[in-house]
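Student: Following this line is structure.cif, made up of mmCIF, C-alpha atoms:
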data_structure
loop_
_atom_site.label_atom_id
_atom_site.label_comp_id
_atom_site.auth_asym_id
_atom_site.auth_seq_id
_atom_site.Cartn_x
_atom_site.Cartn_y
_atom_site.Cartn_z
CA MET U 18 91.51 83.41 151.73
CA LYS U 19 93.05 86.64 150.55
CA ARG U 20 94.51 84.90 147.53
CA ILE U 21 91.15 83.45 146.58
CA LYS U 22 89.57 86.88 146.79
CA LYS U 23 92.29 88.42 144.61
CA THR U 24 91.90 85.68 142.01
CA ALA U 25 88.13 86.20 142.02
CA ILE U 26 88.61 89.96 141.51
CA LEU U 27 90.98 89.29 138.60
CA PHE U 28 88.48 86.90 137.04
CA TRP U 29 85.71 89.47 137.37
CA ILE U 30 87.73 92.33 135.86
CA PHE U 31 88.79 90.32 132.83
CA LEU U 32 85.39 88.75 132.34
CA GLN U 33 83.95 92.26 132.14
CA ALA U 34 86.70 93.38 129.78
CA GLY U 35 86.03 90.38 127.55
CA THR U 36 82.28 90.95 127.56
CA PHE U 37 81.92 94.68 127.11
CA THR U 38 84.46 95.38 124.42
CA PHE U 39 83.75 94.95 120.76
CA ALA U 40 85.79 94.92 117.58
CA GLY U 41 89.18 94.12 118.94
CA GLY U 42 91.29 93.84 122.04
CA LEU U 43 92.81 97.32 122.03
CA ALA U 44 89.50 98.76 123.19
CA MET U 45 89.72 96.61 126.32
CA LEU U 46 92.88 98.11 127.70
CA PRO U 47 91.35 101.19 129.40
CA LEU U 48 88.73 98.98 131.05
CA ILE U 49 91.40 96.65 132.40
CA GLN U 50 93.47 99.57 133.65
CA LYS U 51 90.48 101.02 135.47
CA GLY U 52 89.88 97.74 137.30
CA VAL U 53 93.43 96.59 137.99
CA VAL U 54 95.21 99.88 138.65
CA ASP U 55 92.61 102.45 139.72
CA LYS U 56 89.91 100.51 141.52
CA TYR U 57 91.55 97.48 143.16
CA LYS U 58 95.17 98.74 143.11
CA LEU U 59 96.58 95.32 142.28
CA MET U 60 99.58 96.81 140.46
CA ASP U 61 101.09 100.24 139.76
CA GLU U 62 100.47 102.17 136.60
CA GLU U 63 104.05 102.07 135.39
CA THR U 64 104.24 98.27 135.38
CA PHE U 65 100.84 98.12 133.72
CA SER U 66 101.86 100.49 130.90
CA GLU U 67 105.04 98.53 130.30
CA GLN U 68 103.07 95.29 130.08
CA VAL U 69 100.51 96.86 127.74
CA ALA U 70 103.32 97.97 125.42
CA LEU U 71 104.83 94.47 125.45
CA SER U 72 101.39 92.90 124.86
CA GLN U 73 101.27 94.75 121.55
CA THR U 74 104.81 93.83 120.54
CA LEU U 75 104.53 90.11 121.26
CA PRO U 76 102.60 87.76 118.97
CA GLY U 77 99.04 86.86 119.87
CA MET U 78 95.83 88.61 120.82
CA ILE U 79 96.64 91.86 122.59
CA ALA U 80 93.88 91.47 125.19
CA LEU U 81 94.94 87.91 126.00
CA ASN U 82 98.63 88.83 126.28
CA CYS U 83 97.72 91.68 128.61
CA ALA U 84 95.51 89.34 130.66
CA ILE U 85 98.36 86.85 131.08
CA PHE U 86 100.84 89.59 132.05
CA VAL U 87 98.52 91.07 134.66
CA GLY U 88 97.32 87.69 135.91
CA LYS U 89 100.88 86.42 136.42
CA THR U 90 101.98 89.66 138.12
CA CYS U 91 99.05 89.78 140.54
CA GLY U 92 98.23 86.12 141.10
CA GLY U 93 101.01 83.88 139.80
CA VAL U 94 100.43 81.12 137.26
CA LEU U 95 96.95 80.44 138.64
CA GLY U 96 96.13 84.13 138.15
CA ALA U 97 97.36 83.97 134.56
CA ILE U 98 95.17 80.96 133.80
CA VAL U 99 92.13 82.61 135.39
CA THR U 100 92.54 85.94 133.56
CA GLY U 101 93.24 84.26 130.23
CA VAL U 102 90.13 82.09 130.45
CA ALA U 103 88.03 85.05 131.61
CA VAL U 104 89.04 87.25 128.68
CA VAL U 105 88.49 84.60 125.99
CA LEU U 106 85.36 82.89 127.39
CA PRO U 107 82.83 85.62 126.41
CA ALA U 108 84.18 85.65 122.84
CA PHE U 109 83.85 81.87 122.63
CA LEU U 110 80.28 81.75 123.98
CA ALA U 111 79.11 84.78 121.98
CA MET U 112 80.49 83.30 118.77
CA LEU U 113 78.82 79.91 119.40
CA ALA U 114 75.51 81.71 119.90
CA ALA U 115 76.07 83.87 116.82
CA VAL U 116 76.90 80.91 114.56
CA SER U 117 73.71 79.16 115.67
CA LEU U 118 71.71 82.32 114.91
CA LEU U 119 73.39 82.64 111.51
CA ASN U 120 72.13 79.17 110.62
CA ILE U 121 68.54 80.12 111.48
CA LEU U 122 68.58 83.28 109.29
CA PRO U 123 66.59 82.91 106.06
CA LYS U 124 69.60 82.97 103.75
CA ASP U 125 67.52 83.18 100.57
CA ASN U 126 65.60 86.29 101.60
CA PRO U 127 66.77 89.13 99.32
CA ARG U 128 66.78 91.64 102.22
CA VAL U 129 69.03 89.39 104.30
CA ILE U 130 71.34 88.86 101.32
CA GLY U 131 71.42 92.62 100.75
CA ALA U 132 72.18 93.35 104.39
CA PHE U 133 75.05 90.86 104.37
CA ARG U 134 76.50 92.32 101.19
CA GLY U 135 76.42 95.75 102.80
CA ILE U 136 78.11 94.45 105.93
CA ARG U 137 80.78 92.67 103.89
CA ALA U 138 81.68 95.90 102.13
CA ALA U 139 81.94 97.57 105.54
CA SER U 140 84.11 94.78 106.99
CA ALA U 141 86.55 94.94 104.08
CA ALA U 142 86.68 98.71 104.57
CA LEU U 143 87.27 98.40 108.32
CA ILE U 144 90.17 95.99 107.78
CA LEU U 145 91.71 98.40 105.30
CA ALA U 146 91.18 101.22 107.83
CA VAL U 147 93.09 99.23 110.46
CA GLY U 148 95.88 98.67 107.94
CA ILE U 149 96.05 102.40 107.16
CA LYS U 150 96.08 103.37 110.84
CA LEU U 151 98.79 100.84 111.70
CA SER U 152 100.88 101.87 108.71
CA LYS U 153 101.05 105.42 110.07
CA LYS U 154 102.66 104.02 113.22
CA SER U 155 104.95 101.33 111.87
CA ILE U 156 105.89 102.41 108.35
CA LYS U 157 108.36 105.21 108.70
CA SER U 158 111.24 104.39 106.38
CA LEU U 159 111.95 102.98 102.95
CA PHE U 160 112.92 99.69 104.61
CA THR U 161 109.61 99.25 106.45
CA LEU U 162 107.61 100.34 103.37
CA GLY U 163 109.50 97.79 101.27
CA ILE U 164 108.74 94.98 103.75
CA ALA U 165 105.03 95.85 103.79
CA LEU U 166 104.79 95.98 99.97
CA ILE U 167 106.72 92.72 99.53
CA ALA U 168 104.44 91.04 102.08
CA ILE U 169 101.34 92.22 100.19
CA ALA U 170 102.74 91.04 96.86
CA LEU U 171 103.80 87.63 98.19
CA ILE U 172 100.39 86.94 99.69
CA ILE U 173 98.24 88.22 96.84
CA PHE U 174 100.23 87.21 93.77
CA VAL U 175 102.45 84.33 94.88
CA LYS U 176 99.76 83.06 97.32
CA ILE U 177 102.46 82.01 99.75
CA SER U 178 101.58 81.01 103.32
CA VAL U 179 101.83 83.78 105.96
CA PHE U 180 104.26 81.94 108.24
CA PRO U 181 107.37 82.16 106.02
CA VAL U 182 106.45 85.79 105.22
CA VAL U 183 106.45 86.79 108.90
CA ILE U 184 109.63 84.89 109.73
CA ALA U 185 111.47 86.26 106.66
CA ALA U 186 110.41 89.81 107.58
CA GLY U 187 111.78 89.28 111.09
CA VAL U 188 115.11 88.01 109.74
CA ALA U 189 115.30 90.97 107.35
CA GLY U 190 114.68 93.21 110.37
CA ILE U 191 117.59 91.65 112.27
CA VAL U 192 119.95 92.01 109.29
CA TYR U 193 118.88 95.62 108.73
CA PHE U 194 119.15 96.43 112.42
CA ILE U 195 122.69 95.04 112.71
CA PHE U 196 124.02 96.80 109.58
CA TYR U 197 122.18 100.05 110.21
CA GLU U 198 123.31 100.18 113.83
CA LYS U 199 126.91 99.51 112.80
CA LYS U 200 126.79 102.33 110.28
CA GLN U 201 125.33 104.67 112.89
CA ILE U 202 128.09 103.83 115.36
CA LYS U 203 130.79 104.36 112.71
CA GLU U 204 129.32 107.73 111.77
CA ASN U 205 129.24 108.74 115.40
CA ILE U 206 132.91 107.90 115.77
CA LYS U 207 133.77 110.06 112.71
CA MET N 2 89.97 63.43 114.70
CA THR N 3 92.40 64.37 111.95
CA GLU N 4 90.39 67.56 111.45
CA LEU N 5 90.91 68.44 115.13
CA ILE N 6 94.66 67.85 114.87
CA LYS N 7 94.79 69.99 111.73
CA LEU N 8 92.85 72.72 113.55
CA PHE N 9 95.24 72.57 116.48
CA TYR N 10 98.29 72.72 114.24
CA THR N 11 97.04 75.62 112.11
CA PHE N 12 95.77 77.79 114.95
CA PHE N 13 98.79 77.12 117.15
CA LYS N 14 101.00 78.34 114.29
CA ILE N 15 98.82 81.43 113.83
CA GLY N 16 99.13 82.08 117.58
CA ILE N 17 102.92 81.93 117.35
CA VAL N 18 103.34 84.26 114.36
CA GLY N 19 100.34 86.44 115.25
CA PHE N 20 102.28 89.69 115.49
CA GLY N 21 100.15 92.82 115.33
CA GLY N 22 97.11 91.68 117.30
CA GLY N 23 93.65 90.52 116.31
CA TYR N 24 93.30 92.07 112.87
CA ALA N 25 96.61 90.63 111.70
CA MET N 26 95.57 87.23 113.07
CA VAL N 27 92.20 87.42 111.32
CA SER N 28 94.04 88.20 108.08
CA MET N 29 96.21 85.14 108.64
CA ILE N 30 93.17 82.99 109.40
CA MET N 31 91.64 84.14 106.14
CA THR N 32 94.63 83.21 103.98
CA GLU N 33 95.50 79.98 105.84
CA CYS N 34 92.04 78.52 106.35
CA GLY N 35 91.06 79.03 102.73
CA LYS N 36 93.82 76.57 101.85
CA ASN N 37 93.54 74.15 104.77
CA PHE N 38 89.83 74.04 105.59
CA GLY N 39 88.19 75.22 102.40
CA LEU N 40 86.87 78.33 104.14
CA THR N 41 85.10 80.13 101.28
CA MET N 42 85.21 83.90 100.94
CA ASP N 43 81.47 84.01 101.66
CA LYS N 44 81.89 82.19 104.96
CA PHE N 45 84.81 84.37 105.86
CA ALA N 46 82.81 87.51 105.11
CA ASP N 47 80.06 86.24 107.42
CA LEU N 48 82.71 85.73 110.09
CA LEU N 49 83.92 89.30 109.78
CA ALA N 50 80.41 90.69 109.88
CA VAL N 51 79.65 88.80 113.09
CA ASP N 52 83.10 89.34 114.53
CA LEU N 53 82.72 93.09 114.58
CA ILE N 54 79.31 93.03 116.25
CA ILE N 55 79.76 90.47 119.03
CA PRO N 56 81.96 90.96 122.13
CA GLY N 57 85.46 89.64 122.69
CA PRO N 58 88.95 89.75 121.17
CA ILE N 59 88.41 89.24 117.43
CA GLY N 60 91.16 86.60 117.19
CA ALA N 61 89.31 84.38 119.68
CA ASN N 62 86.00 84.98 117.92
CA ALA N 63 87.52 84.01 114.58
CA ALA N 64 89.09 80.81 115.93
CA THR N 65 85.80 79.77 117.51
CA TYR N 66 83.97 80.40 114.24
CA VAL N 67 86.33 78.48 111.97
CA GLY N 68 86.57 75.62 114.50
CA PHE N 69 82.78 75.42 114.73
CA ILE N 70 82.09 75.35 111.01
CA THR N 71 84.80 72.71 110.43
CA SER N 72 84.11 70.31 113.32
CA GLY N 73 81.30 71.61 115.53
CA PHE N 74 81.63 72.39 119.24
CA TRP N 75 84.87 70.44 119.80
CA GLY N 76 86.43 72.06 116.78
CA ALA N 77 85.54 75.47 118.23
CA LEU N 78 87.06 74.54 121.58
CA VAL N 79 90.27 73.14 120.06
CA ALA N 80 90.76 76.13 117.75
CA THR N 81 90.21 78.67 120.53
CA ILE N 82 92.56 76.90 122.95
CA SER N 83 95.25 76.40 120.33
CA ILE N 84 95.27 80.04 119.21
CA SER N 85 95.55 81.09 122.91
CA LEU N 86 98.26 78.67 124.10
CA PRO N 87 101.20 80.36 122.33
CA SER N 88 100.38 83.59 124.22
CA TYR N 89 101.01 81.75 127.49
CA LEU N 90 104.35 80.39 126.30
CA VAL N 91 105.47 83.71 124.87
CA VAL N 92 104.32 85.99 127.70
CA LEU N 93 105.55 83.80 130.56
CA THR N 94 108.94 83.34 128.86
CA THR N 95 109.18 87.08 128.29
CA MET N 96 108.43 87.81 131.94
CA TYR N 97 111.12 85.35 132.98
CA PHE N 98 113.79 86.99 130.80
CA MET N 99 112.43 90.54 131.09
CA ASP N 100 115.78 92.38 131.39
CA LYS N 101 117.52 90.45 128.63
CA PHE N 102 114.44 90.84 126.48
CA LYS N 103 114.54 94.63 126.52
CA SER N 104 118.21 94.92 125.56
CA SER N 105 118.33 92.18 122.93
CA THR N 106 119.52 93.40 119.52
CA LEU N 107 118.18 90.30 117.82
CA LEU N 108 114.67 90.67 119.20
CA ASN N 109 114.51 94.40 118.55
CA GLY N 110 115.59 93.82 114.97
CA PHE N 111 113.10 91.00 114.59
CA PHE N 112 110.19 93.13 115.78
CA ARG N 113 111.28 95.96 113.52
CA GLY N 114 110.90 93.71 110.49
CA VAL N 115 107.75 91.96 111.64
CA LYS N 116 105.68 95.07 112.33
CA PRO N 117 105.52 96.36 108.74
CA ALA N 118 104.96 92.79 107.53
CA SER N 119 101.85 92.50 109.67
CA VAL N 120 100.60 95.79 108.22
CA GLY N 121 101.19 94.20 104.82
CA LEU N 122 99.20 91.11 105.83
CA ILE N 123 96.26 93.21 106.97
CA CYS N 124 96.28 95.26 103.75
CA ALA N 125 96.52 92.07 101.67
CA ALA N 126 93.48 90.66 103.46
CA ALA N 127 91.59 93.91 102.84
CA ILE N 128 92.50 93.79 99.14
CA ILE N 129 91.43 90.14 98.77
CA MET N 130 88.14 90.83 100.55
CA GLY N 131 87.58 94.10 98.72
CA LYS N 132 88.04 92.38 95.37
CA GLU N 133 85.39 89.85 96.38
CA VAL N 134 82.90 92.46 97.56
CA LEU N 135 83.37 95.26 95.05
CA ILE N 136 83.62 93.32 91.81
CA ASN N 137 80.48 91.80 90.33
CA GLN N 138 80.14 88.06 90.14
CA ASN N 139 81.43 86.42 86.93
CA MET N 140 83.79 89.34 86.37
CA LYS N 141 87.51 89.58 86.87
CA TRP N 142 89.35 92.61 88.16
CA VAL N 143 91.08 93.10 84.81
CA ASP N 144 87.63 93.80 83.30
CA ILE N 145 87.79 97.15 85.09
CA PHE N 146 89.83 98.47 82.19
CA SER N 147 87.41 97.39 79.46
CA ASN N 148 84.08 97.79 81.28
CA PRO N 149 84.42 99.76 84.54
CA ILE N 150 80.71 100.34 85.25
CA GLY N 151 79.68 96.76 84.59
CA THR N 152 82.52 95.34 86.67
CA ILE N 153 82.30 97.31 89.90
CA SER N 154 79.21 97.09 92.10
CA ILE N 155 78.30 100.67 92.91
CA ILE N 156 76.54 100.48 96.29
CA PRO N 157 79.21 98.30 97.94
CA LEU N 158 81.82 100.70 96.55
CA ILE N 159 80.03 103.67 98.14
CA ILE N 160 79.75 101.81 101.46
CA PHE N 161 83.39 100.77 101.23
CA ILE N 162 84.78 104.25 100.58
CA GLY N 163 82.39 105.81 103.09
CA CYS N 164 83.50 103.40 105.83
CA VAL N 165 87.21 103.88 105.18
CA VAL N 166 86.84 107.66 105.33
CA CYS N 167 84.57 107.63 108.42
CA GLU N 168 86.87 105.25 110.26
CA VAL N 169 90.27 106.71 109.40
CA ARG N 170 89.38 110.40 109.22
CA PHE N 171 86.51 110.79 111.71
CA LYS N 172 87.04 107.74 113.97
CA VAL N 173 83.38 106.70 113.82
CA ASN N 174 82.54 103.63 115.93
CA PRO N 175 83.05 100.51 113.75
CA ILE N 176 79.97 98.76 115.17
CA LEU N 177 77.81 101.70 114.10
CA LEU N 178 79.32 101.58 110.62
CA THR N 179 78.71 97.83 110.34
CA VAL N 180 75.06 98.17 111.38
CA LEU N 181 74.48 101.13 109.03
CA ALA N 182 76.04 99.21 106.14
CA GLY N 183 73.69 96.30 106.87
CA ILE N 184 70.66 98.60 106.82
CA ILE N 185 71.76 100.27 103.58
CA GLY N 186 72.26 96.82 102.04
CA ALA N 187 68.79 95.66 103.12
CA VAL N 188 67.07 98.82 101.86
CA PHE N 189 68.77 99.09 98.46
CA VAL N 190 68.85 95.40 97.69
CA PHE N 191 71.55 95.27 95.07
#
Starting from the coordinates I provided, produce the structure as structure tokens.
Tutor:
Amino acid sequence: MKRIKKTAILFWIFLQAGTFTFAGGLAMLPLIQKGVVDKYKLMDEETFSEQVALSQTLPGMIALNCAIFVGKTCGGVLGAIVTGVAVVLPAFLAMLAAVSLLNILPKDNPRVIGAFRGIRAASAALILAVGIKLSKKSIKSLFTLGIALIAIALIIFVKISVFPVVIAAGVAGIVYFIFYEKKQIKENIK
Amino acid sequence: MTELIKLFYTFFKIGIVGFGGGYAMVSMIMTECGKNFGLTMDKFADLLAVDLIIPGPIGANAATYVGFITSGFWGALVATISISLPSYLVVLTTMYFMDKFKSSTLLNGFFRGVKPASVGLICAAAIIMGKEVLINQNMKWVDIFSNPIGTISIIPLIIFIGCVVCEVRFKVNPILLTVLAGIIGAVFVF
């Protein structure tokens, strides 16, 4: 009985997080923390922070990764399935509704066309803004700047698929890490 | 049926290399689905507009959208599940090898290279979208040098710059910016 209740609480917390956050998963994290750590005390803050940090490092949607971490910690594999479904479900349903609405919109009305052109300009700007914000965090050396610029060039000019770009960047990171670390250790010995 | 398998394959791959969260994944969806599903820039711009306004992790929203416009409800379901599955594999494996994970030179190096690459992907997506939105139809970006005023659409440019500044410098809520941009577009039909 207790397990069922815990799973239900997890479902409820993540359903709320999935429903009431807009424009990206990062905004969900405080809401999840409030439910899981502060209100229902399902896990301690330290574990939660560690899992949040890992959620951002690992591939995939940050909110979903966080949901799986927390779900597994608090309720085992069943918990992870419940939290994952709860966090994605609102996005799925909302998008289905939105696509249906989009089809009803009078697409040849000049006002509607104008509004969409305005929104497109804003969306392009918001993506660039995310890029700028992230670059402040993760571009700190000539090496990281080089990787970012090469990635941009490969995608825009060579029109290469993103998968080899990401994998190649990771391999370059490993090579750099090994050589750089070795140099550091040698310098320390001197 | 083949469409569904293609959807599964593409979104599963995006889930695996989706480092950097929702915005990086949306950038990948944009470059990959243009090639594989003929997702036009117009359709993608609609996706972004809706994505920012409706609830949920934007990666899940985007998968639902592309799945729906390619193969209806089942396409939406397949795309959403296949972009989410890799998170389960990755997170559960990470939890299993937690201690080794933290001290691994290979993984640390890999992440070091991948992070700036995902910034590059996001910026590339912003540039591709920006080119589409800011440059008048029937013009190419090289025309900027010969005929700058005829090539660039002025109102989208103002919205674009305004949004980047508001978002990066003053941290204005992105939903508010999206709605305002829509209103400006509808009022000054351009």
Student: What is the distance, in Å and to one decimal place, between CA of Met2 in chain N and CA of Ser178 in chain U?
Tutor: 23.9 Å
Student: Distance CA of Asp43 in chain N-CA of Leu166 in chain U, one decimal place?
Tutor: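 Rounded to one decimal, the two atoms are 26.3 Å apart.
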Student: So the first atom is CA of Ala185 in chain U and the second is CA of Ala170 in chain U; what is the distance between them in Å, to one decimal place?
Tutor: 14.0 Å
Student: Mind checking which residues fall within 6 Å of range 77-80 of chain U, counting all atoms listed in the file, ignoring those fewer than 5 positions away in the same chain, and posting them as a list in words?
Tutor: Gly42 and Ser72 of chain U; Gly16, Gly19, Gly22, Gly23 and Ser88 of chain N
Student: Which of these residues is nearest to Arg113 in chain N, using all atoms listed in the file: N:Ala182, N:Ile6, N:Phe20, N:Thr11?
Tutor: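 Under the stated criterion, the closest residue is N:Phe20.
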Student: Run through the PyMOL selection byres ((chain U and resi 156) around 12) on the given coordinates and return the selected residues as a list in words.
Tutor: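 For this structure, the PyMOL selection byres ((chain U and resi 156) around 12) captures Gly148, Ile149, Lys150, Leu151, Ser152, Lys153, Lys154, Ser155, Lys157, Ser158, Leu159, Phe160, Thr161, Leu162, Gly163, Ile164, Ala165 and Leu166 of chain U; Arg113, Gly114, Val115, Lys116, Pro117, Ala118, Ser119, Val120 and Gly121 of chain N.
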Student: So what does the PyMOL selection byres ((chain U and resi 97) around 8) actually pick up in this one, as a list in words?
Tutor: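 With the PyMOL selection byres ((chain U and resi 97) around 8) on this model, the match is Ala84, Ile85, Phe86, Val87, Gly88, Lys89, Gly92, Gly93, Val94, Leu95, Gly96, Ile98, Val99, Thr100 and Gly101 of chain U.
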Student: Report as a list in words the full result of the PyMOL selection byres ((chain N and resi 186) around 8) when it is applied to this structure.
Tutor: Arg128, Gly131, Ala132, Phe133, Arg134, Gly135 and Ile136 of chain U; Ala182, Gly183, Ile184, Ile185, Ala187, Val188, Phe189, Val190 and Phe191 of chain N
Student: Given the point (87.5, 88.5, 115.0) in the file's coordinates, find the residues that have an atom at most 7 Å from it, counting only C-alpha atoms, and give them as an MDAnalysis selection string.
Tutor: chainID N and resid 23 27 49 52:53 58:63
Student: Could you list as JSON, numbers by chain every residue that has an atom within 12 Å of (91.8, 99.1, 136.3), using the file's coordinates and counting all atoms listed in the file?
Tutor: {"U": [26, 27, 29, 30, 31, 33, 34, 45, 46, 47, 48, 49, 50, 51, 52, 53, 54, 55, 56, 57, 58, 59, 60, 61, 62, 65, 66, 84, 87]}
Student: Counting all atoms listed in the file, which of U:Cys83, U:Ala186, U:Leu110, U:Val69 gets nearest to chain N?
Tutor: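 Between U:Cys83, U:Ala186, U:Leu110, U:Val69, the residue approaching chain N most closely is U:Ala186.
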Student: Using only C-alpha atoms for the distances, tell me which of U:Ala139, U:Ala114, U:Ile172, U:Arg20 is nearest to Met31 in chain N.
Tutor: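 Using only C-alpha atoms, the shortest distance to Met31 in chain N belongs to U:Ile172.
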Student: Given all atoms listed in the file as the basis, pick out the residue of N:Ile55, N:Met99, N:Cys34, N:Leu177 nearest to chain U.
Tutor: N:Ile55
Student: Nearest to chain N among U:Glu67, U:Leu118, U:Val102, U:Gly190, with distances taken over all atoms listed in the file: which residue is it?
Tutor: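 Of the candidates, the smallest distance to chain N is held by U:Gly190.
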Student: Given all atoms listed in the file as the basis, pick out the residue of U:Asn120, U:Lys19, U:Ala108, U:Gln68 nearest to chain N.
Tutor: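 The closest residue to chain N is U:Ala108.
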